[in-house]
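Read through the structure below, which is laid out as C-alpha cells, and then see the notes.
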Amino acid sequence: MTGRRHAPRLREPSGPAATGDNNNDNNEEAQPSQSSQYLSLPSSPTSFRRPRIMSRRPSNSEGAPDERTSLLGGPPRTSRIRIASAHGSPRVPHLSRNQSYADSVKSHRHHSRANSWGSRLIQAIGDRQESYGGIADSKGSLYPDDRVWYDQFTSTDWVHDSIADAYRVKALRSRKDFWGRVYVLFDGAQGWILSALVGFIVAVLAYAVNVSEATVFDFKDGYCARGWLINEKACCPHGDCTDWRDWGDVLNGFPFGKNTTEWLVYMIMVILLSVASCLLALTTKTVVPSAYRLTTLDENLAAENAHGADHDNDDGTNISPRHSYVDEQGSSSDNAPMIYYSAAGSGVAEVRVILSGFVLHGFLGLKTLLIKTLGLILSVASGLSLGKEGPYVHIATCVGNIACRLFSKYDRNDAKRREVLSAAAAAGVAVAFGAPLGGVLFGLEEVAYFFPAKTLFRTFFCCITAALTLKFLNPYGTHKIVMFQVRYLVDWEYFEIGSFILVGVLGGAAGALFIKASRRWAKTFRRIPVIKAYPLLEVVLVAFVTGLIGYWNMFTKLPVAKLLYNLAAPCDDLDNNLENLGLCPESIEKIPPVLWNLLMAFLIKGFLTIITFGIKVPAGIYVPSMVVGGLMGRSIGHMVQWWVMATPSWGVWGTCSATSATCIQPGVYGLIAAGSTMCGVTRLSVTLAVILFELTGSLDYVLPFSLAILVAKWTADAIEPLSIYDLLTEMNSYPFLNNKHKPIFTSELADIVPRVRKERIIDISTSPVVPAMSLRTKLEMLHRAGELDGGLPIIRHGILVGLIPAPDLEYALDNLQDEGSSLCLMASVPTIDDSDDGMPDPTDFTPYIDPAPVALDIRSPMDLVYECFVKLGLRYICILRDGKYAGMTHKKTFVKYMRELEEKEGRM
C-alpha cells in the first residue's frame, strides 16, 4: 500500500469534466504545421493537459509528425470545459457515481470559466482551438483538469449525457429565489432562442449564396454595363437589352470570331472557377492515420479497403490510433494514411453520421463553414453539374454547431447539441427548396437519429423562421424563396395515372442506375494513380469536359435550378422567368425536334452528373439528379402530348383532345420525374412528396406526386438496395447503426461474443488494488483493438462488479506521478487513509468506475441487442452466463456483424 499512501495529492477537479464539440469544430483559423495538411488522430484526454504532472509517454511536440502528433502542431491552445465523464469524473467525495453535477448551478467553476454571455459570443465566432474541434490542437487547455471524452471516430455516450442533463436541471430547479426562477425560465428559452437564431443565419447565408452565385455564373457570358455586380436577369429583366454585353462583343470577336471567342472565355471561366473552388476545399485536407483501418472518408468512392480493417479484432493485432504497430522484424504494418476534405462534397452523409452519435472531427467548425460557403458559390457559378441544396444542409448544421457555443446547456452536452443540429439541418432544406414542412420531414426521415416531439416542434419553428427570413430578403426578386416554384392551374386526367406510374418507375430506375454508374466510374477512372494523387487534376478535366460538351446545348448550359424551373413550369406567356427554350410546341409537327433536344440534353447531363459527383468541390446531388429526371420526364410528357394530338378520336382522351392537347402539361411530368429520380438517389419518400407539393402550391397534384414517388422507391430498392448516402456511410466504415433498416436476426448474442481474456478484464478477486502498469497494459490492448471508447470490466470471483471506461482509465493513469510503482484502488473498501486534508487520492480509481454497466445474458436474442444499441445509444454491452461474466461486445463489433449479415442476405 506504500504506493497508494505516499502518492502526491492533487486538488480535486471541481465541476464537470470536459468533452466537446466532439464532431465539430474545425479549429478554424489555426495554421497547419505542415503546409495545410492536418493530422487528425485522437490523443489522450490528457496527453496535452499535464502542466503539473509528468506523463509516462514522451512528448511529440517537436520533430516530424507521427501517430502521436497533435492535429495542428504547435503549443496547446485554449479549450473550454464540456460535459462530465461518461461514467463519472472525480467529484465531491460524498457523491455517488451517478450524482454528477455537470453543468449544474452548483458547479461554481463553470460560472467563472464561462464568463459573460458576451464573452461566450466572442468565443463562439472566434478562433477557438479545441481538441474535439475537428482538426484540433489536441487537448491543450489553460485548465489542467479539463478532459475531452469523445476522440475521433468514437461514439457518443448518450446515456451519460441524459443523466448529466437530468442532474443539471434538478440542481437548477432547486433554487427557489427570484433569480433562480428567472434562470430556470431562461434555461427553458435557450432552445427557442437558438432555433430562431440558427434559422435566421441560415437564411442570410442562403441569400448570400444565391445572389452571389447568380452574378458570378453570368460572368462566363458577359457583364452588365450598369454594374459588375448585376446579373443578366436583373440587368435585362424584359429580355435582350443593350446594357448586357457579351464577351464576344466586348472583344469584337478577337481573335477567333464572336462565337468561338465567347466559347473560349466560357471555357476559361469554367475551369478557373472550378479550380478556385477546389483549392478552397483542399485547404480542409485532413490526414487520417492508417491505424484507423478505415476506407475512404469522402465521396470519391474509390479508396481500397485497408488490410486488417477489423476494428474490433480481439487478437490485439490492430493498430492503436496512437501507436504504430511494428512486427517482430521491425517493419511497420501501417497502410498508407487516408484523407478526407471536410468542405468537399455535400456533407449530408457525414451530418447524418454525426447526428447518430458518431464523433467525426472537422466537419462542423467555423473554418469549414466559411470555406464551404465560398467554395459553393464558385462551384455552382462554374456551371458544373452540381447543386447547392445538399451543401445547405452541411452549412446549416455548421451554423447550428457554432451557435450552440453561446449556451453551456448545449455547448457541454452532446445529446442536447444534436437537438439543435437536427433543427439546423432541416432549416438547410427549408431554404434550399422553399419548403419548411419538407425540411421538418427531411430531418425526421433522413438525418435525425432521435427525434422526440420537443425536437420536432423546435425544428418546425427553426424552418419557419428560416423561410420567413428568406422571404423578406427576396433573393430572386420574385418574392418567392426558390427560383423554380411553379403553379399548375389545370387538373390532371384519369388516363394520365398510367403515365405517372411509368414516370415513377423510370425515375426510380434512373436514380438507382446513377448510384451504380457513380460507383463504377469511381472504381475505374478515379483509381488511376495520377487522378487519385492529384484531385485538382480531376476537377480540371471535369470542368474542361463540361465546358466542351455542355456549352453547345441550350439546356445543359443553363444553371441547374433555372433549367429545372423551365422543365417543370407550365407554358405561360406571362411568365418572364422562362427562357426561350422552345419547350411549348403549338402543333404536332414541332414536338419531335423538342424531343430530340431533350434526349440529347438528358444524355449529356446524365453523363456530366456521374463524372462530377465526388470531385473535390462543394457539391450537392439533389438538384442535378432532379434535372436529369426532369429532362426525361419532360420528354415523356411531350410523348403523351403527341399521342393525344395524333389520335384525337380515341374516347379514352375524353375532352382532352378537343382542346389541342392543352390538358397535357409536360411540366407536370418533368417535376414528377425529377422527384422520382431524386427519390431513387436519396430514397427520400414522404419528404419529397411534401417538397413537390410545396413547390407547386396545388393540392390537385398531391396524389400524382405521391404515387410516382412510391413506385420510384420500390423500383430503386429492387435495383440498388442502398441510397447514395447509405453507400457512402458503408464505404467509409462509419459505425453507423441504421435505425430504419433492421436485418432479420435469427441468432443469439453468443454468436458475436469473443472469448474472455485476462488482458481484457480487471480481476480483483484476490485484492482490490491493481498495479498501475498492469492497467496501462490493458488500456493499450484496448487501443490496439481500436476501442478508444471501450472499457475494462471489473470481475470479482467471476462476477461482474463494475466497469471502468477507457477514457476515464487513461485520465486516471495520466494523473499518477509514479505510474511504475503505484497501486490503484479498483473497489470501495473501508478507508485506510488517515489523512484529513480533504484532497482526493489520485490512486483511488473508484470515482471513475461504473458500478452498474448494462449487461445481457449470453442467450439474449440479437433483436434485443440491436434495440439496446439503437435505442439506448450504448457503446458496449457486458455479457453474462448464469450470472457470471462471459464477455463484452462493442458497438463496432455489432455494426460489423450487421453488415456481414446484410451482405449475406444480399447474396441469397
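Here's how to read the names in the C-alpha cells: chain A, B, ... by the order shown, residue numbers from 1 in each chain, ligand numbers from 1 in the order shown.
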
Which residues, written as a PDB file with all heavy atoms, in the first residue's frame, have at least one atom at most 10 Å from Val275 (chain A), with only C-alpha atoms counted and residues fewer than 3 positions away on the same chain left out?
```pdb
ATOM      1  N   MET A 269     -13.408  30.480 -67.946  1.00  0.00           N
ATOM      2  CA  MET A 269     -14.088  30.828 -66.701  1.00  0.00           C
ATOM      3  C   MET A 269     -14.554  29.585 -65.948  1.00  0.00           C
ATOM      4  O   MET A 269     -14.464  29.523 -64.717  1.00  0.00           O
ATOM      5  CB  MET A 269     -15.269  31.743 -67.006  1.00  0.00           C
ATOM      6  CG  MET A 269     -14.885  33.139 -67.465  1.00  0.00           C
ATOM      7  SD  MET A 269     -14.045  34.087 -66.167  1.00  0.00           S
ATOM      8  CE  MET A 269     -15.396  34.333 -65.012  1.00  0.00           C
ATOM      9  N   VAL A 270     -15.066  28.599 -66.669  1.00  0.00           N
ATOM     10  CA  VAL A 270     -15.497  27.354 -66.025  1.00  0.00           C
ATOM     11  C   VAL A 270     -14.324  26.711 -65.292  1.00  0.00           C
ATOM     12  O   VAL A 270     -14.434  26.295 -64.133  1.00  0.00           O
ATOM     13  CB  VAL A 270     -16.106  26.388 -67.047  1.00  0.00           C
ATOM     14  CG1 VAL A 270     -16.300  24.999 -66.429  1.00  0.00           C
ATOM     15  CG2 VAL A 270     -17.437  26.908 -67.552  1.00  0.00           C
ATOM     16  N   ILE A 271     -13.183  26.639 -65.958  1.00  0.00           N
ATOM     17  CA  ILE A 271     -12.014  25.995 -65.353  1.00  0.00           C
ATOM     18  C   ILE A 271     -11.487  26.813 -64.173  1.00  0.00           C
ATOM     19  O   ILE A 271     -11.169  26.262 -63.108  1.00  0.00           O
ATOM     20  CB  ILE A 271     -10.922  25.782 -66.417  1.00  0.00           C
ATOM     21  CG1 ILE A 271     -11.406  24.786 -67.482  1.00  0.00           C
ATOM     22  CG2 ILE A 271      -9.633  25.284 -65.777  1.00  0.00           C
ATOM     23  CD1 ILE A 271     -10.433  24.595 -68.630  1.00  0.00           C
ATOM     24  N   LEU A 272     -11.411  28.136 -64.337  1.00  0.00           N
ATOM     25  CA  LEU A 272     -10.876  28.969 -63.268  1.00  0.00           C
ATOM     26  C   LEU A 272     -11.763  28.906 -62.019  1.00  0.00           C
ATOM     27  O   LEU A 272     -11.268  28.772 -60.893  1.00  0.00           O
ATOM     28  CB  LEU A 272     -10.739  30.412 -63.745  1.00  0.00           C
ATOM     29  CG  LEU A 272      -9.613  30.698 -64.740  1.00  0.00           C
ATOM     30  CD1 LEU A 272      -9.611  32.171 -65.132  1.00  0.00           C
ATOM     31  CD2 LEU A 272      -8.258  30.306 -64.159  1.00  0.00           C
ATOM     32  N   CYS A 278     -12.002  24.237 -55.887  1.00  0.00           N
ATOM     33  CA  CYS A 278     -11.272  23.050 -55.448  1.00  0.00           C
ATOM     34  C   CYS A 278     -10.128  23.425 -54.501  1.00  0.00           C
ATOM     35  O   CYS A 278      -9.914  22.756 -53.490  1.00  0.00           O
ATOM     36  CB  CYS A 278     -10.744  22.292 -56.663  1.00  0.00           C
ATOM     37  SG  CYS A 278      -9.803  20.808 -56.264  1.00  0.00           S
ATOM     38  N   LEU A 279      -9.399  24.487 -54.833  1.00  0.00           N
ATOM     39  CA  LEU A 279      -8.286  24.892 -53.977  1.00  0.00           C
ATOM     40  C   LEU A 279      -8.782  25.283 -52.587  1.00  0.00           C
ATOM     41  O   LEU A 279      -8.118  25.010 -51.577  1.00  0.00           O
ATOM     42  CB  LEU A 279      -7.532  26.059 -54.618  1.00  0.00           C
ATOM     43  CG  LEU A 279      -6.739  25.727 -55.885  1.00  0.00           C
ATOM     44  CD1 LEU A 279      -6.125  26.986 -56.483  1.00  0.00           C
ATOM     45  CD2 LEU A 279      -5.655  24.693 -55.590  1.00  0.00           C
ATOM     46  N   LEU A 280      -9.946  25.914 -52.520  1.00  0.00           N
ATOM     47  CA  LEU A 280     -10.518  26.232 -51.220  1.00  0.00           C
ATOM     48  C   LEU A 280     -10.853  24.959 -50.447  1.00  0.00           C
ATOM     49  O   LEU A 280     -10.540  24.826 -49.260  1.00  0.00           O
ATOM     50  CB  LEU A 280     -11.778  27.079 -51.391  1.00  0.00           C
ATOM     51  CG  LEU A 280     -11.581  28.575 -51.663  1.00  0.00           C
ATOM     52  CD1 LEU A 280     -12.920  29.237 -51.953  1.00  0.00           C
ATOM     53  CD2 LEU A 280     -10.906  29.246 -50.478  1.00  0.00           C
ATOM     54  N   ALA A 281     -11.482  24.006 -51.133  1.00  0.00           N
ATOM     55  CA  ALA A 281     -11.856  22.758 -50.458  1.00  0.00           C
ATOM     56  C   ALA A 281     -10.628  21.986 -49.999  1.00  0.00           C
ATOM     57  O   ALA A 281     -10.648  21.341 -48.946  1.00  0.00           O
ATOM     58  CB  ALA A 281     -12.708  21.896 -51.388  1.00  0.00           C
ATOM     59  N   GLY A 375     -16.589  28.296 -51.376  1.00  0.00           N
ATOM     60  CA  GLY A 375     -16.365  27.313 -52.415  1.00  0.00           C
ATOM     61  C   GLY A 375     -17.637  26.933 -53.139  1.00  0.00           C
ATOM     62  O   GLY A 375     -17.626  26.661 -54.348  1.00  0.00           O
ATOM     63  N   LEU A 378     -18.478  29.461 -55.853  1.00  0.00           N
ATOM     64  CA  LEU A 378     -17.634  29.300 -57.039  1.00  0.00           C
ATOM     65  C   LEU A 378     -17.978  28.039 -57.816  1.00  0.00           C
ATOM     66  O   LEU A 378     -18.014  28.058 -59.049  1.00  0.00           O
ATOM     67  CB  LEU A 378     -16.162  29.270 -56.607  1.00  0.00           C
ATOM     68  CG  LEU A 378     -15.634  30.544 -55.935  1.00  0.00           C
ATOM     69  CD1 LEU A 378     -14.206  30.335 -55.448  1.00  0.00           C
ATOM     70  CD2 LEU A 378     -15.711  31.729 -56.893  1.00  0.00           C
ATOM     71  N   SER A 379     -18.233  26.939 -57.116  1.00  0.00           N
ATOM     72  CA  SER A 379     -18.510  25.688 -57.820  1.00  0.00           C
ATOM     73  C   SER A 379     -19.838  25.740 -58.564  1.00  0.00           C
ATOM     74  O   SER A 379     -19.943  25.263 -59.704  1.00  0.00           O
ATOM     75  CB  SER A 379     -18.492  24.516 -56.833  1.00  0.00           C
ATOM     76  OG  SER A 379     -19.525  24.641 -55.870  1.00  0.00           O
ATOM     77  N   SER A 382     -19.558  27.981 -61.585  1.00  0.00           N
ATOM     78  CA  SER A 382     -18.739  27.453 -62.679  1.00  0.00           C
ATOM     79  C   SER A 382     -19.567  26.759 -63.746  1.00  0.00           C
ATOM     80  O   SER A 382     -19.100  26.586 -64.873  1.00  0.00           O
ATOM     81  CB  SER A 382     -17.704  26.473 -62.120  1.00  0.00           C
ATOM     82  OG  SER A 382     -18.349  25.313 -61.615  1.00  0.00           O
ATOM     83  N   LEU A 536      -7.014  17.897 -57.854  1.00  0.00           N
ATOM     84  CA  LEU A 536      -7.214  19.106 -58.649  1.00  0.00           C
ATOM     85  C   LEU A 536      -7.213  18.792 -60.138  1.00  0.00           C
ATOM     86  O   LEU A 536      -7.940  19.427 -60.924  1.00  0.00           O
ATOM     87  CB  LEU A 536      -6.119  20.125 -58.323  1.00  0.00           C
ATOM     88  CG  LEU A 536      -6.208  21.469 -59.045  1.00  0.00           C
ATOM     89  CD1 LEU A 536      -7.506  22.182 -58.698  1.00  0.00           C
ATOM     90  CD2 LEU A 536      -5.011  22.357 -58.686  1.00  0.00           C
ATOM     91  N   LEU A 537      -6.425  17.809 -60.549  1.00  0.00           N
ATOM     92  CA  LEU A 537      -6.391  17.426 -61.960  1.00  0.00           C
ATOM     93  C   LEU A 537      -7.742  16.907 -62.418  1.00  0.00           C
ATOM     94  O   LEU A 537      -8.201  17.218 -63.519  1.00  0.00           O
ATOM     95  CB  LEU A 537      -5.302  16.365 -62.170  1.00  0.00           C
ATOM     96  CG  LEU A 537      -5.198  15.775 -63.579  1.00  0.00           C
ATOM     97  CD1 LEU A 537      -4.886  16.873 -64.594  1.00  0.00           C
ATOM     98  CD2 LEU A 537      -4.126  14.683 -63.621  1.00  0.00           C
ATOM     99  N   GLU A 538      -8.386  16.133 -61.575  1.00  0.00           N
ATOM    100  CA  GLU A 538      -9.712  15.623 -61.937  1.00  0.00           C
ATOM    101  C   GLU A 538     -10.710  16.760 -62.083  1.00  0.00           C
ATOM    102  O   GLU A 538     -11.542  16.751 -62.998  1.00  0.00           O
ATOM    103  CB  GLU A 538     -10.201  14.636 -60.879  1.00  0.00           C
ATOM    104  CG  GLU A 538     -11.556  14.031 -61.214  1.00  0.00           C
ATOM    105  CD  GLU A 538     -12.115  13.172 -60.108  1.00  0.00           C
ATOM    106  OE1 GLU A 538     -11.523  13.150 -59.014  1.00  0.00           O
ATOM    107  OE2 GLU A 538     -13.166  12.537 -60.330  1.00  0.00           O
ATOM    108  N   VAL A 539     -10.633  17.748 -61.200  1.00  0.00           N
ATOM    109  CA  VAL A 539     -11.540  18.891 -61.297  1.00  0.00           C
ATOM    110  C   VAL A 539     -11.324  19.629 -62.607  1.00  0.00           C
ATOM    111  O   VAL A 539     -12.285  20.027 -63.286  1.00  0.00           O
ATOM    112  CB  VAL A 539     -11.336  19.826 -60.090  1.00  0.00           C
ATOM    113  CG1 VAL A 539     -12.134  21.114 -60.263  1.00  0.00           C
ATOM    114  CG2 VAL A 539     -11.744  19.129 -58.807  1.00  0.00           C
ATOM    115  N   VAL A 540     -10.067  19.809 -62.994  1.00  0.00           N
ATOM    116  CA  VAL A 540      -9.771  20.495 -64.259  1.00  0.00           C
ATOM    117  C   VAL A 540     -10.329  19.703 -65.441  1.00  0.00           C
ATOM    118  O   VAL A 540     -10.940  20.280 -66.361  1.00  0.00           O
ATOM    119  CB  VAL A 540      -8.251  20.707 -64.401  1.00  0.00           C
ATOM    120  CG1 VAL A 540      -7.917  21.242 -65.797  1.00  0.00           C
ATOM    121  CG2 VAL A 540      -7.735  21.661 -63.336  1.00  0.00           C
ATOM    122  N   ALA A 543     -14.135  19.990 -65.477  1.00  0.00           N
ATOM    123  CA  ALA A 543     -14.522  21.327 -65.919  1.00  0.00           C
ATOM    124  C   ALA A 543     -14.318  21.485 -67.426  1.00  0.00           C
ATOM    125  O   ALA A 543     -15.157  22.085 -68.118  1.00  0.00           O
ATOM    126  CB  ALA A 543     -13.716  22.376 -65.158  1.00  0.00           C
ATOM    127  N   LYS A 616     -13.549  17.121 -55.794  1.00  0.00           N
ATOM    128  CA  LYS A 616     -13.238  17.828 -54.562  1.00  0.00           C
ATOM    129  C   LYS A 616     -13.644  19.298 -54.634  1.00  0.00           C
ATOM    130  O   LYS A 616     -12.823  20.209 -54.591  1.00  0.00           O
ATOM    131  CB  LYS A 616     -11.740  17.700 -54.259  1.00  0.00           C
ATOM    132  CG  LYS A 616     -11.300  16.265 -54.054  1.00  0.00           C
ATOM    133  CD  LYS A 616     -12.069  15.637 -52.906  1.00  0.00           C
ATOM    134  CE  LYS A 616     -11.677  14.201 -52.681  1.00  0.00           C
ATOM    135  NZ  LYS A 616     -12.085  13.317 -53.772  1.00  0.00           N
ATOM    136  N   VAL A 617     -14.937  19.525 -54.738  1.00  0.00           N
ATOM    137  CA  VAL A 617     -15.508  20.858 -54.621  1.00  0.00           C
ATOM    138  C   VAL A 617     -16.792  20.718 -53.803  1.00  0.00           C
ATOM    139  O   VAL A 617     -17.379  19.635 -53.749  1.00  0.00           O
ATOM    140  CB  VAL A 617     -15.825  21.492 -55.996  1.00  0.00           C
ATOM    141  CG1 VAL A 617     -14.559  21.702 -56.806  1.00  0.00           C
ATOM    142  CG2 VAL A 617     -16.828  20.634 -56.767  1.00  0.00           C
TER     143      VAL A 617
END
```

Need the shell around Ile664 (chain A): protein/DNA/RNA residues with any atom at most 12 Å away, counting only C-alpha atoms. Skip same-chain ones fewer than 3 positions apart. Format as an mmCIF file with N, CA and C atoms, in the first residue's frame?
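Printed below is part-v2.cif as written:
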```
data_model
loop_
_atom_site.group_PDB
_atom_site.id
_atom_site.type_symbol
_atom_site.label_atom_id
_atom_site.label_comp_id
_atom_site.auth_asym_id
_atom_site.auth_seq_id
_atom_site.Cartn_x
_atom_site.Cartn_y
_atom_site.Cartn_z
ATOM 1 N N TYR A 488 -49.605 24.991 -61.185
ATOM 2 C CA TYR A 488 -50.367 24.256 -62.192
ATOM 3 C C TYR A 488 -51.844 24.569 -61.983
ATOM 4 N N LEU A 489 -52.441 25.186 -62.982
ATOM 5 C CA LEU A 489 -53.834 25.620 -62.886
ATOM 6 C C LEU A 489 -54.801 24.631 -63.525
ATOM 7 N N VAL A 490 -54.290 23.668 -64.287
ATOM 8 C CA VAL A 490 -55.128 22.683 -64.961
ATOM 9 C C VAL A 490 -54.997 21.355 -64.231
ATOM 10 N N ASP A 491 -56.111 20.724 -63.919
ATOM 11 C CA ASP A 491 -56.101 19.463 -63.197
ATOM 12 C C ASP A 491 -55.688 18.329 -64.129
ATOM 13 N N TRP A 492 -55.234 17.222 -63.551
ATOM 14 C CA TRP A 492 -54.818 16.063 -64.331
ATOM 15 C C TRP A 492 -56.022 15.193 -64.666
ATOM 16 N N GLU A 493 -55.846 14.376 -65.719
ATOM 17 C CA GLU A 493 -56.909 13.486 -66.183
ATOM 18 C C GLU A 493 -56.643 12.067 -65.679
ATOM 19 N N TYR A 494 -57.706 11.278 -65.607
ATOM 20 C CA TYR A 494 -57.576 9.924 -65.074
ATOM 21 C C TYR A 494 -56.689 9.041 -65.946
ATOM 22 N N PHE A 495 -56.710 9.239 -67.253
ATOM 23 C CA PHE A 495 -55.908 8.380 -68.118
ATOM 24 C C PHE A 495 -54.416 8.630 -67.939
ATOM 25 N N GLU A 496 -54.047 9.707 -67.245
ATOM 26 C CA GLU A 496 -52.630 10.012 -67.037
ATOM 27 C C GLU A 496 -52.031 9.223 -65.877
ATOM 28 N N SER A 499 -49.390 6.958 -67.022
ATOM 29 C CA SER A 499 -48.172 7.692 -67.402
ATOM 30 C C SER A 499 -47.393 8.120 -66.167
ATOM 31 N N PHE A 500 -48.096 8.551 -65.123
ATOM 32 C CA PHE A 500 -47.409 8.950 -63.895
ATOM 33 C C PHE A 500 -46.684 7.762 -63.266
ATOM 34 N N PRO A 570 -45.346 25.299 -66.382
ATOM 35 C CA PRO A 570 -46.305 25.226 -67.488
ATOM 36 C C PRO A 570 -46.030 26.329 -68.502
ATOM 37 N N CYS A 571 -46.585 26.159 -69.674
ATOM 38 C CA CYS A 571 -46.381 27.150 -70.728
ATOM 39 C C CYS A 571 -47.255 28.363 -70.437
ATOM 40 N N CYS A 584 -42.559 24.705 -75.608
ATOM 41 C CA CYS A 584 -44.014 24.815 -75.699
ATOM 42 C C CYS A 584 -44.457 24.694 -77.152
ATOM 43 N N PRO A 585 -44.363 23.495 -77.742
ATOM 44 C CA PRO A 585 -44.794 23.324 -79.142
ATOM 45 C C PRO A 585 -46.302 23.530 -79.277
ATOM 46 N N ARG A 634 -39.950 15.413 -68.902
ATOM 47 C CA ARG A 634 -40.479 16.346 -69.896
ATOM 48 C C ARG A 634 -40.600 15.671 -71.253
ATOM 49 N N ILE A 636 -41.176 12.472 -71.729
ATOM 50 C CA ILE A 636 -42.347 11.588 -71.666
ATOM 51 C C ILE A 636 -43.626 12.415 -71.768
ATOM 52 N N GLY A 637 -43.638 13.585 -71.151
ATOM 53 C CA GLY A 637 -44.810 14.441 -71.237
ATOM 54 C C GLY A 637 -45.119 14.862 -72.660
ATOM 55 N N HIS A 638 -44.084 15.208 -73.410
ATOM 56 C CA HIS A 638 -44.297 15.583 -74.814
ATOM 57 C C HIS A 638 -44.707 14.378 -75.650
ATOM 58 N N MET A 639 -44.223 13.195 -75.281
ATOM 59 C CA MET A 639 -44.680 11.989 -75.983
ATOM 60 C C MET A 639 -46.177 11.758 -75.766
ATOM 61 N N VAL A 640 -46.613 11.890 -74.530
ATOM 62 C CA VAL A 640 -48.045 11.744 -74.249
ATOM 63 C C VAL A 640 -48.836 12.828 -74.969
ATOM 64 N N GLN A 641 -48.275 14.025 -74.989
ATOM 65 C CA GLN A 641 -48.927 15.123 -75.706
ATOM 66 C C GLN A 641 -49.055 14.805 -77.195
ATOM 67 N N TRP A 642 -47.995 14.285 -77.769
ATOM 68 C CA TRP A 642 -48.025 13.929 -79.195
ATOM 69 C C TRP A 642 -49.047 12.820 -79.438
ATOM 70 N N TRP A 643 -49.104 11.859 -78.535
ATOM 71 C CA TRP A 643 -50.035 10.734 -78.691
ATOM 72 C C TRP A 643 -51.484 11.224 -78.693
ATOM 73 N N VAL A 644 -51.803 12.111 -77.763
ATOM 74 C CA VAL A 644 -53.171 12.634 -77.705
ATOM 75 C C VAL A 644 -53.497 13.435 -78.962
ATOM 76 N N MET A 645 -52.548 14.215 -79.426
ATOM 77 C CA MET A 645 -52.795 15.024 -80.622
ATOM 78 C C MET A 645 -52.855 14.170 -81.872
ATOM 79 N N TRP A 653 -59.481 9.698 -74.284
ATOM 80 C CA TRP A 653 -58.973 11.046 -74.017
ATOM 81 C C TRP A 653 -60.064 11.978 -73.503
ATOM 82 N N THR A 655 -62.505 14.879 -73.326
ATOM 83 C CA THR A 655 -62.489 16.217 -73.933
ATOM 84 C C THR A 655 -61.080 16.774 -74.078
ATOM 85 N N CYS A 656 -60.067 15.985 -73.691
ATOM 86 C CA CYS A 656 -58.690 16.488 -73.740
ATOM 87 C C CYS A 656 -58.259 16.792 -75.166
ATOM 88 N N SER A 657 -58.596 15.889 -76.118
ATOM 89 C CA SER A 657 -58.159 16.070 -77.495
ATOM 90 C C SER A 657 -58.849 17.247 -78.159
ATOM 91 N N ALA A 658 -59.999 17.654 -77.650
ATOM 92 C CA ALA A 658 -60.717 18.768 -78.248
ATOM 93 C C ALA A 658 -60.089 20.107 -77.909
ATOM 94 N N THR A 659 -59.143 20.118 -77.003
ATOM 95 C CA THR A 659 -58.506 21.376 -76.571
ATOM 96 C C THR A 659 -57.067 21.475 -77.047
ATOM 97 N N SER A 660 -56.774 20.823 -78.173
ATOM 98 C CA SER A 660 -55.431 20.868 -78.767
ATOM 99 C C SER A 660 -54.362 20.387 -77.787
ATOM 100 N N ALA A 661 -54.743 19.362 -76.991
ATOM 101 C CA ALA A 661 -53.809 18.701 -76.065
ATOM 102 C C ALA A 661 -53.319 19.618 -74.958
ATOM 103 N N GLY A 667 -44.826 19.890 -68.165
ATOM 104 C CA GLY A 667 -44.107 20.322 -66.974
ATOM 105 C C GLY A 667 -44.432 19.478 -65.758
ATOM 106 N N VAL A 668 -45.672 18.988 -65.667
ATOM 107 C CA VAL A 668 -46.047 18.113 -64.566
ATOM 108 C C VAL A 668 -45.227 16.829 -64.617
ATOM 109 N N TYR A 669 -45.098 16.273 -65.804
ATOM 110 C CA TYR A 669 -44.307 15.056 -65.962
ATOM 111 C C TYR A 669 -42.843 15.323 -65.613
ATOM 112 N N GLY A 670 -42.372 16.512 -65.994
ATOM 113 C CA GLY A 670 -40.987 16.850 -65.675
ATOM 114 C C GLY A 670 -40.752 16.914 -64.183
#
```

Next on the checklist: From a backbone DSSP assignment, name each residue in region 699-894 of chain A labelled strand (DSSP E), as a PyMOL selection string.
Outcome noted: chain A and resi 762-763+769-771+791-796+799-805+823-825+855-857+876-881+884-890

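In this comparison, which uses only C-alpha atoms, the residue of A:Thr893, A:Thr261, A:Thr612, A:Ser385 approaching Gly790 (chain A) most closely is A:Thr893.
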
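Among the candidate residues A:Trp714, A:Leu864, A:Val627, A:Leu376, the one lying nearest to Gly606 (chain A) is A:Val627, with distances computed using only C-alpha atoms.
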
Checklist entry - Could you work out how far CA of Cys824 (chain A) lies from CA of Met888 (chain A), giving the answer in Å with one decimal? => result 23.0 Å

Next on the checklist: When you look at Gly620 (chain A) with a cut-off of 12 Å (counting only C-alpha atoms), what residues show up, excluding the ones that are within fewer than 6 positions of it in the same chain? I need them as an MDAnalysis selection string.
Outcome noted: chainID A and resid 299 343:349 372 376 379:380 384:395 429 432 560 609 612:614 626 678 681:682 724:725

Contact check, region 411-491 of chain A to region 153-164 of chain A, at most 12 Å, counting only C-alpha atoms, closest pairs as CSV:
```
residue,atom,partner,partner_atom,distance
A:Asp411,CA,A:Asp161,CA,11.9
A:Arg412,CA,A:Asp161,CA,9.2
A:Asn413,CA,A:Asp161,CA,6.0
A:Asp414,CA,A:Asp161,CA,6.7
A:Ala415,CA,A:Asp161,CA,5.9
A:Lys416,CA,A:Asp161,CA,8.0
A:Arg417,CA,A:Asp161,CA,10.3
A:Arg418,CA,A:Trp158,CA,10.7
A:Tyr449,CA,A:Trp158,CA,11.7
A:Phe450,CA,A:Trp158,CA,10.7
```

Checklist entry - Which neighbours of Leu749 (chain A) fall inside 8 Å, counting only C-alpha atoms, when residues of the same chain fewer than 2 positions from it are skipped, and could you give them as a ChimeraX atom specification? => result /A:747,751-753,857-862,865

Checklist entry - What is the distance between CA of Ala772 (chain A) and CA of Val801 (chain A), in Å to one decimal? => result 19.4 Å

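You will find CA of Trp263 (chain A) at 24.4 Å from CA of Pro593 (chain A).
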